[in-house]
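**Q** Enclosed is the structure file coords_6.txt (compact mmCIF, C-alpha atoms).
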```txt
# COMPACT_ATOMS: atom_id res chain seq x y z
CA MET C 70 -2.73 1.87 -12.84
CA LEU C 71 -5.32 -0.51 -11.47
CA LEU C 72 -5.47 -0.72 -7.71
CA GLU C 73 -6.56 -3.43 -5.34
CA PHE C 74 -10.01 -2.35 -4.30
CA LYS C 75 -10.20 -5.13 -1.72
CA ALA C 76 -7.50 -3.30 0.19
CA MET C 77 -9.56 -0.13 0.14
CA GLY C 78 -12.48 -1.75 1.94
CA ASP C 79 -14.42 -4.96 2.28
CA THR C 80 -16.88 -5.61 -0.52
CA LYS C 81 -19.45 -6.36 2.16
CA GLU C 82 -18.95 -2.93 3.62
CA GLN C 83 -22.05 -0.76 3.71
CA ASN C 84 -21.49 2.34 1.56
CA ARG C 85 -23.94 5.16 1.08
CA ALA C 86 -24.72 6.17 -2.49
CA PRO C 87 -23.91 9.86 -2.93
CA GLY C 88 -26.97 12.07 -3.01
CA THR C 89 -29.43 9.22 -2.60
CA GLY C 90 -29.31 8.39 1.09
CA ILE C 91 -29.49 4.72 0.07
CA THR C 92 -27.06 2.32 1.67
CA GLN C 93 -25.69 -0.32 -0.70
CA LYS C 94 -23.14 -3.11 -0.33
CA GLY C 95 -19.68 -2.04 -1.50
CA LYS C 96 -21.11 -0.17 -4.48
CA TYR C 97 -19.57 3.23 -3.87
CA LEU C 98 -16.12 4.24 -2.72
CA GLN C 99 -15.80 6.33 0.42
CA PRO C 100 -14.05 9.74 0.24
CA ASP C 101 -10.99 8.47 2.11
CA GLN C 102 -10.77 5.49 -0.26
CA LEU C 103 -11.05 7.78 -3.27
CA GLY C 104 -8.27 9.95 -1.88
CA ARG C 105 -5.91 6.99 -1.48
CA LEU C 106 -6.81 5.60 -4.91
CA TYR C 107 -6.30 8.96 -6.60
CA LYS C 108 -2.94 9.42 -4.89
CA THR C 109 -1.75 6.04 -6.15
CA HIS C 110 -3.04 6.79 -9.66
CA LEU C 111 -1.16 10.08 -9.55
CA GLN C 112 2.00 8.20 -8.63
CA GLY C 113 1.31 5.82 -11.51
CA ALA C 114 0.96 8.77 -13.88
CA LEU C 115 4.34 10.08 -12.78
CA VAL C 116 5.92 6.64 -13.28
CA ARG C 117 4.26 6.36 -16.69
CA SER C 118 5.54 9.77 -17.73
CA GLY C 119 9.03 8.96 -16.49
CA ALA C 120 9.09 5.67 -18.40
CA SER C 121 7.96 7.35 -21.62
CA LEU C 122 10.61 10.05 -21.25
CA PHE C 123 13.23 7.34 -20.77
CA MET C 124 12.08 5.72 -24.02
CA TRP C 125 12.25 9.12 -25.73
CA LEU C 126 15.84 9.58 -24.53
CA PHE C 127 16.63 6.17 -25.97
CA ALA C 128 15.09 7.33 -29.26
CA CYS C 129 17.25 10.47 -29.11
CA ILE C 130 20.37 8.33 -28.82
CA THR C 131 19.33 6.07 -31.69
CA PHE C 132 18.48 9.12 -33.80
CA PHE C 133 21.85 10.69 -33.00
CA TYR C 134 23.60 7.54 -34.21
CA HIS C 135 21.32 7.39 -37.29
CA THR C 136 19.67 4.14 -36.23
CA ILE C 137 16.25 5.70 -36.83
CA ASP C 138 15.32 8.41 -39.31
CA THR C 139 13.61 11.75 -38.75
CA ASN C 140 10.09 10.46 -39.35
CA SER C 141 10.57 7.69 -36.79
CA PHE C 142 11.93 10.14 -34.24
CA ILE C 143 8.97 12.46 -34.77
CA GLY C 144 6.61 9.50 -34.33
CA VAL C 145 8.31 8.52 -31.07
CA SER C 146 8.13 12.11 -29.82
CA LEU C 147 4.42 12.38 -30.59
CA SER C 148 3.77 9.03 -28.89
CA VAL C 149 5.59 10.19 -25.76
CA VAL C 150 3.60 13.43 -25.75
CA TYR C 151 0.42 11.35 -26.01
CA ILE C 152 1.44 9.16 -23.04
CA ILE C 153 2.18 12.20 -20.89
CA LEU C 154 -0.87 14.26 -21.88
CA MET C 155 -3.29 11.35 -21.43
CA ASN C 156 -2.69 11.66 -17.70
CA ILE C 157 -4.53 14.98 -17.52
CA PRO C 158 -8.01 13.87 -18.66
CA THR C 159 -7.77 10.42 -17.08
CA LEU C 160 -6.87 11.83 -13.67
CA TRP C 161 -9.69 14.35 -14.00
CA VAL C 162 -12.19 11.57 -14.74
CA LEU C 163 -10.91 9.50 -11.82
CA LYS C 164 -11.62 12.42 -9.50
CA HIS C 165 -15.29 12.29 -10.47
CA ILE C 166 -15.91 8.53 -10.32
CA THR C 167 -17.35 7.18 -7.09
CA ARG C 168 -18.85 3.89 -8.22
CA ARG C 169 -16.48 1.02 -7.44
CA SER C 170 -17.04 -1.00 -10.63
CA TYR C 171 -16.72 2.06 -12.89
CA TYR C 172 -13.48 2.99 -11.16
CA GLU C 173 -12.03 -0.46 -11.80
CA TYR C 174 -13.11 -0.53 -15.45
CA PHE C 175 -11.74 2.93 -16.09
CA SER C 176 -8.45 1.91 -14.48
CA LEU C 177 -8.23 -0.95 -16.97
CA PHE C 178 -9.01 1.51 -19.75
CA ILE C 179 -6.06 3.64 -18.58
CA ASN C 180 -3.85 0.56 -18.81
CA LEU C 181 -5.06 0.03 -22.38
CA LEU C 182 -4.24 3.62 -23.34
CA GLU C 183 -0.82 3.24 -21.76
CA ILE C 184 -0.14 0.00 -23.65
CA ILE C 185 -1.16 1.64 -26.94
CA GLY C 186 1.27 4.48 -26.25
CA TYR C 187 4.16 2.12 -25.50
CA THR C 188 3.33 0.07 -28.59
CA ALA C 189 3.41 3.21 -30.75
CA VAL C 190 6.87 4.05 -29.42
CA ILE C 191 8.05 0.51 -30.15
CA TYR C 192 6.56 0.66 -33.64
CA PHE C 193 8.28 3.90 -34.60
CA ILE C 194 11.65 2.73 -33.26
CA GLY C 195 11.58 -0.57 -35.12
CA GLY C 196 8.40 -2.56 -34.60
CA ILE C 197 8.98 -6.27 -34.09
CA ARG C 198 12.71 -5.64 -34.44
CA ALA C 199 12.62 -3.34 -31.40
CA TRP C 200 11.51 -6.20 -29.16
CA HIS C 201 13.95 -5.08 -26.44
CA LEU C 202 11.66 -2.12 -25.71
CA THR C 203 8.87 -4.51 -24.74
CA ALA C 204 10.50 -4.42 -21.31
CA ALA C 205 8.07 -1.54 -20.76
CA TYR C 206 5.26 -4.12 -20.93
CA ALA C 207 6.99 -6.27 -18.32
CA ALA C 208 7.47 -3.27 -16.04
CA LEU C 209 3.78 -2.39 -16.36
CA ILE C 210 2.73 -5.97 -15.58
CA MET C 211 4.95 -6.09 -12.52
CA TYR C 212 3.63 -2.75 -11.29
CA VAL C 213 -0.05 -3.63 -11.57
CA GLY C 214 0.72 -6.96 -9.93
CA VAL C 215 2.03 -5.18 -6.86
CA VAL C 216 -0.82 -2.68 -6.50
CA GLY C 217 -3.72 -4.66 -7.99
CA PRO C 218 -5.59 -7.93 -7.54
CA ARG C 219 -3.86 -11.10 -8.70
CA ARG C 220 -5.95 -11.42 -11.87
CA ILE C 221 -4.91 -8.00 -13.21
CA PRO C 222 -1.35 -8.94 -14.35
CA PHE C 223 -2.83 -11.63 -16.61
CA ILE C 224 -5.37 -9.18 -18.04
CA VAL C 225 -2.64 -6.64 -18.73
CA ALA C 226 -0.33 -9.33 -20.18
CA THR C 227 -3.10 -10.47 -22.53
CA THR C 228 -3.74 -6.88 -23.61
CA CYS C 229 -0.03 -6.29 -24.24
CA ALA C 230 0.24 -9.50 -26.28
CA ILE C 231 -2.82 -8.64 -28.39
CA VAL C 232 -1.82 -5.03 -29.09
CA PHE C 233 1.80 -5.88 -29.89
CA SER C 234 0.80 -8.86 -32.06
CA LEU C 235 -1.69 -6.68 -33.94
CA MET C 236 0.96 -4.04 -34.57
CA ALA C 237 3.52 -6.63 -35.70
CA SER C 238 1.00 -8.38 -37.99
CA LEU C 239 -0.12 -5.12 -39.61
CA GLU C 240 3.50 -4.13 -40.14
CA HIS C 241 4.39 -7.54 -41.56
CA SER C 242 1.41 -7.54 -43.95
CA GLY C 243 2.19 -4.03 -45.18
CA PHE C 244 -0.80 -2.20 -43.70
CA LEU C 245 1.65 -0.32 -41.50
CA PRO C 246 4.82 0.89 -43.23
CA HIS C 247 8.20 -0.02 -41.80
CA GLN C 248 9.30 3.03 -39.84
CA ASN C 249 12.93 2.03 -39.46
CA PRO C 250 14.66 1.52 -42.83
CA VAL C 251 18.02 0.95 -41.12
CA LEU C 252 16.98 -2.37 -39.58
CA VAL C 253 16.56 -5.15 -42.11
CA TYR C 254 13.16 -6.82 -42.05
CA ASN C 255 13.04 -10.30 -43.58
CA LEU C 256 10.74 -12.30 -41.29
CA ARG C 257 8.45 -14.98 -42.66
CA TRP C 258 4.94 -15.44 -41.32
CA ILE C 259 5.96 -18.60 -39.48
CA ASP C 260 8.92 -16.79 -37.92
CA LEU C 261 6.67 -13.92 -36.89
CA PHE C 262 4.13 -16.33 -35.41
CA LEU C 263 6.78 -18.16 -33.38
CA ASP C 264 8.29 -14.89 -32.19
CA LEU C 265 4.91 -13.57 -31.08
CA LEU C 266 4.10 -16.88 -29.41
CA ALA C 267 7.36 -16.80 -27.46
CA PHE C 268 6.79 -13.14 -26.64
CA SER C 269 3.28 -13.83 -25.31
CA ALA C 270 4.52 -16.77 -23.25
CA LEU C 271 7.20 -14.55 -21.74
CA LEU C 272 4.59 -11.95 -20.81
CA TYR C 273 2.52 -14.61 -19.05
CA VAL C 274 5.59 -15.77 -17.16
CA VAL C 275 6.09 -12.20 -15.99
CA ALA C 276 2.39 -12.03 -15.09
CA PHE C 277 2.67 -15.23 -13.07
CA ILE C 278 5.71 -13.91 -11.20
CA SER C 279 3.90 -10.63 -10.60
CA ALA C 280 0.74 -12.36 -9.34
CA TYR C 281 2.75 -14.70 -7.13
CA THR C 282 4.70 -11.78 -5.70
CA SER C 283 1.45 -9.91 -5.17
CA GLY C 284 0.07 -12.90 -3.25
CA LEU C 285 3.15 -13.02 -1.04
CA LEU C 286 2.93 -9.30 -0.38
CA LYS C 287 -0.77 -9.56 0.43
CA ARG C 288 -0.22 -12.43 2.86
CA THR C 289 2.62 -10.49 4.46
CA ARG C 290 0.44 -7.40 4.74
CA ASP C 291 -2.35 -9.48 6.27
CA LYS C 292 0.04 -10.98 8.82
CA LEU C 293 1.44 -7.56 9.69
CA TYR C 294 -2.06 -6.17 9.98
CA LYS C 295 -3.07 -9.03 12.29
CA LYS C 296 0.04 -8.56 14.43
CA ASN C 297 -0.56 -4.81 14.58
CA MET C 298 -4.15 -5.37 15.65
CA GLU C 299 -3.04 -7.83 18.35
CA LEU C 300 -0.38 -5.39 19.53
CA ALA C 301 -2.90 -2.54 19.54
CA HIS C 302 -5.28 -4.73 21.57
CA GLU C 303 -2.55 -5.56 24.08
CA ILE C 304 -1.59 -1.90 24.38
CA GLU C 305 -5.23 -0.95 24.90
CA GLU C 306 -5.67 -3.65 27.55
CA LYS C 307 -2.51 -2.49 29.30
CA ARG C 308 -3.69 1.11 29.17
CA ARG C 309 -7.05 0.17 30.66
CA ALA C 310 -5.36 -1.87 33.39
CA GLU C 311 -3.07 1.05 34.22
CA GLU C 312 -6.03 3.43 34.32
CA ALA C 313 -7.96 1.02 36.55
CA LEU C 314 -4.95 0.68 38.87
CA LYS C 315 -4.47 4.43 38.96
CA SER C 316 -8.15 4.95 39.71
CA SER C 317 -8.01 2.32 42.45
CA GLU C 318 -4.93 3.92 43.99
CA GLU C 319 -6.58 7.33 43.91
CA LYS C 320 -9.69 5.96 45.62
CA PHE C 321 -7.57 4.21 48.26
CA ARG C 322 -5.53 7.34 48.89
CA SER C 323 -8.66 9.48 49.11
CA LEU C 324 -10.28 7.13 51.62
CA SER C 325 -7.14 6.60 53.66
CA GLU C 326 -6.25 10.28 53.91
CA SER C 327 -9.73 11.15 55.15
CA SER C 328 -9.88 8.23 57.59
CA PRO C 329 -9.44 9.00 61.33
CA ASP C 330 -7.85 5.58 61.82
CA ILE C 331 -4.28 4.61 61.04
CA ILE C 332 -3.88 2.95 57.64
CA LEU C 333 -0.56 1.71 56.35
CA THR C 334 0.83 -0.55 53.65
CA LEU C 335 3.83 -2.84 53.92
CA GLY C 336 6.27 -4.05 51.31
CA THR C 337 7.22 -7.68 50.75
CA ASP C 338 10.05 -7.29 53.27
CA GLY C 339 7.70 -5.94 55.94
CA ALA C 340 8.90 -2.34 55.64
CA ILE C 341 6.32 0.44 55.69
CA THR C 342 5.63 1.89 52.23
CA TYR C 343 2.70 4.20 53.03
CA VAL C 344 0.94 5.71 56.05
CA ASN C 345 -2.03 8.04 56.11
CA PRO C 346 -2.10 11.41 57.91
CA ALA C 347 -3.81 9.80 60.93
CA TRP C 348 -0.47 8.16 61.78
CA GLU C 349 1.16 11.52 62.49
CA LYS C 350 -1.88 12.79 64.38
CA ILE C 351 -2.08 9.75 66.63
CA LEU C 352 1.56 8.67 67.02
CA GLY C 353 3.32 11.95 66.26
CA TYR C 354 5.75 10.55 63.68
CA LYS C 355 6.19 12.41 60.42
CA LEU C 356 5.97 10.66 57.07
CA GLU C 357 9.71 10.82 56.32
CA GLU C 358 10.42 9.21 59.69
CA VAL C 359 8.20 6.23 58.94
CA ILE C 360 8.68 5.17 55.33
CA GLY C 361 11.18 2.32 55.03
CA ARG C 362 11.06 1.37 58.70
CA TYR C 363 9.19 -1.51 60.31
CA PHE C 364 5.92 -1.41 62.21
CA LEU C 365 7.53 -3.01 65.27
CA ASP C 366 9.83 0.01 65.53
CA PHE C 367 6.82 2.08 66.62
CA SER C 368 4.88 -0.43 68.71
CA GLY C 369 6.92 -0.20 71.91
CA GLU C 370 9.25 -2.80 73.45
CA GLU C 371 6.54 -4.79 75.24
CA ASN C 372 4.22 -4.90 72.23
CA ALA C 373 7.11 -5.75 69.93
CA ARG C 374 8.12 -8.69 72.17
CA ARG C 375 4.52 -9.86 72.25
CA TYR C 376 4.19 -9.65 68.46
CA ILE C 377 7.44 -11.56 68.02
CA ASP C 378 6.33 -14.27 70.45
```
As structure tokens - that is how I would like this structure written.
**A**
Amino acid sequence: MLLEFKAMGDTKEQNRAPGTGITQKGKYLQPDQLGRLYKTHLQGALVRSGASLFMWLFACITFFYHTIDTNSFIGVSLSVVYIILMNIPTLWVLKHITRRSYYEYFSLFINLLEIIGYTAVIYFIGGIRAWHLTAAYAALIMYVGVVGPRRIPFIVATTCAIVFSLMASLEHSGFLPHQNPVLVYNLRWIDLFLDLLAFSALLYVVAFISAYTSGLLKRTRDKLYKKNMELAHEIEEKRRAEEALKSSEEKFRSLSESSPDIILTLGTDGAITYVNPAWEKILGYKLEEVIGRYFLDFSGEENARRYID
């Protein structure tokens, strides 16, 4: 499946060409980007294999009810094996591609191979008469729309329309034999043309929905990313402020505890919240006797009256 390379890094990002020591603009993918891309391609391979197995199970049911013959069932089985086994070499190649443009082109090539496999399954089950299985095309278009740039669904939709139309035209003209003798085939060229036109239009509608959804998801991701960055900045600022306050308090405590003079702090209500050790040395009051009381309590009656006046 094709991925959105813009999400893997800015195209203006400076990347170093492997083994050359030359820095180039967005030309090569970084190892962490390659790891994320490969992981998503691996997930795509699993989805692709699961979809092909689902189509094979559908073929098993139709074969059991004699809707398709033995040759058609064998053709479907071989097509499914092809779809599953193609994952092995393609994933191996993806592991060894570091150039950004090559990676994108090869991802499109994987989509083409996948579309050919789905088309082969559709052909062996009934060709143009098995149009209901073209839902696999729609699923593929929606998937690449979610994980890829907005132009990719239209590229994939065009590829699906071309490959399916080619298969249907070759079958209609007799170059490809009808694989399903149970289903009656009596389409005229004009009927085939209109069906393919409607089919292609439907694929482009799906591509538009996929691209629009992709745009919404991208904007949502961008907003979330911006909010996360703002939140991270606020958290960092708060952490720095707390560290600065803690450092200031430690400096104050260090200076006050080593000072020979009395140093104290008062709360908003005038009660004592802190006194340094000099208080006990000079006045003889212990810390627990002082905290929470008022300074006037320790200044003597005459001094207290003078302070009040």
**Q** Please provide as a PyMOL selection string all residues within 12 Å of C:Gly214, with the sequence filter that same-chain residues fewer than 2 positions apart are discarded (counting all atoms listed in the file).
**A** chain C and resi 70-73+207-212+216-226+275-287
**Q** Atom CA of C:Ala128 and atom CA of C:Ser141 are how many Å apart?
**A**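 One can read the atom CA of C:Ala128 to atom CA of C:Ser141 distance as 8.8 Å.
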**Q** Using all atoms listed in the file for the distances, tell me which of C:Val116, C:Ala347, C:Ile179, C:Met236 is nearest to C:Phe193.
**A** C:Met236
**Q** Pick the closest to C:Trp161 from C:Ile191, C:Leu111, C:Ile137, C:Val344: which is it, counting all atoms listed in the file?
**A**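 Among C:Ile191, C:Leu111, C:Ile137, C:Val344, it is C:Leu111 that comes nearest to C:Trp161.
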**Q** Please indicate the distance in Å from atom CA of C:Ser148 to atom CA of C:His110, rounded to one decimal place.
**A**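 Separation of atom CA of C:Ser148 and atom CA of C:His110: 20.5 Å.
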**Q** What is the distance, in Å and to one decimal place, between atom CA of C:Ser269 and atom CA of C:Phe233?
**A** 9.3 Å
**Q** Compare C:Lys350, C:His302, C:Lys164, C:His201 by their minimum atom-to-atom distance to C:Phe127, counting only C-alpha atoms, and give me the closest one.
**A**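 That would be C:His201, the residue with the smallest distance to C:Phe127.
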**Q** Please identify all polymer residues within 8 Å of C:Tyr187, counting all atoms listed in the file, omitting same-chain residues fewer than 6 positions from it, and present them as a list in words.
**A** Ser121, Ser148, Ile152, Ala205 and Tyr206 of chain C
**Q** So, counting all atoms listed in the file, which residue among C:Asn156, C:Ser118, C:Gln99, C:Ser316 is closest to C:Arg168?
**A**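 Selected residue with least distance to C:Arg168: C:Gln99.
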**Q** Compute the distance from (-5.4, 7.5, 53.7) to each atom, counting all atoms listed in the file, keep the residues with any atom at most 10 Å away, and return them as a ChimeraX atom specification; use the coordinates of the file.
**A** /C:319-333,343-348
**Q** Could you write out the selected residues, including C-alpha atoms, as a compact mmCIF listing (two decimals), in the coordinates of the input?
**A**
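The resulting file, again_8.txt, is shown below:
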```txt
# COMPACT_ATOMS: atom_id res chain seq x y z
CA GLU C 319 -6.58 7.33 43.91
CA LYS C 320 -9.69 5.96 45.62
CA PHE C 321 -7.57 4.21 48.26
CA ARG C 322 -5.53 7.34 48.89
CA SER C 323 -8.66 9.48 49.11
CA LEU C 324 -10.28 7.13 51.62
CA SER C 325 -7.14 6.60 53.66
CA GLU C 326 -6.25 10.28 53.91
CA SER C 327 -9.73 11.15 55.15
CA SER C 328 -9.88 8.23 57.59
CA PRO C 329 -9.44 9.00 61.33
CA ASP C 330 -7.85 5.58 61.82
CA ILE C 331 -4.28 4.61 61.04
CA ILE C 332 -3.88 2.95 57.64
CA LEU C 333 -0.56 1.71 56.35
CA TYR C 343 2.70 4.20 53.03
CA VAL C 344 0.94 5.71 56.05
CA ASN C 345 -2.03 8.04 56.11
CA PRO C 346 -2.10 11.41 57.91
CA ALA C 347 -3.81 9.80 60.93
CA TRP C 348 -0.47 8.16 61.78
```
**Q** Would you please work out which residue, of C:Ser170, C:Gln102, C:Thr188, C:Ser176, is nearest to C:Ile231 when using all atoms listed in the file?
**A** C:Thr188
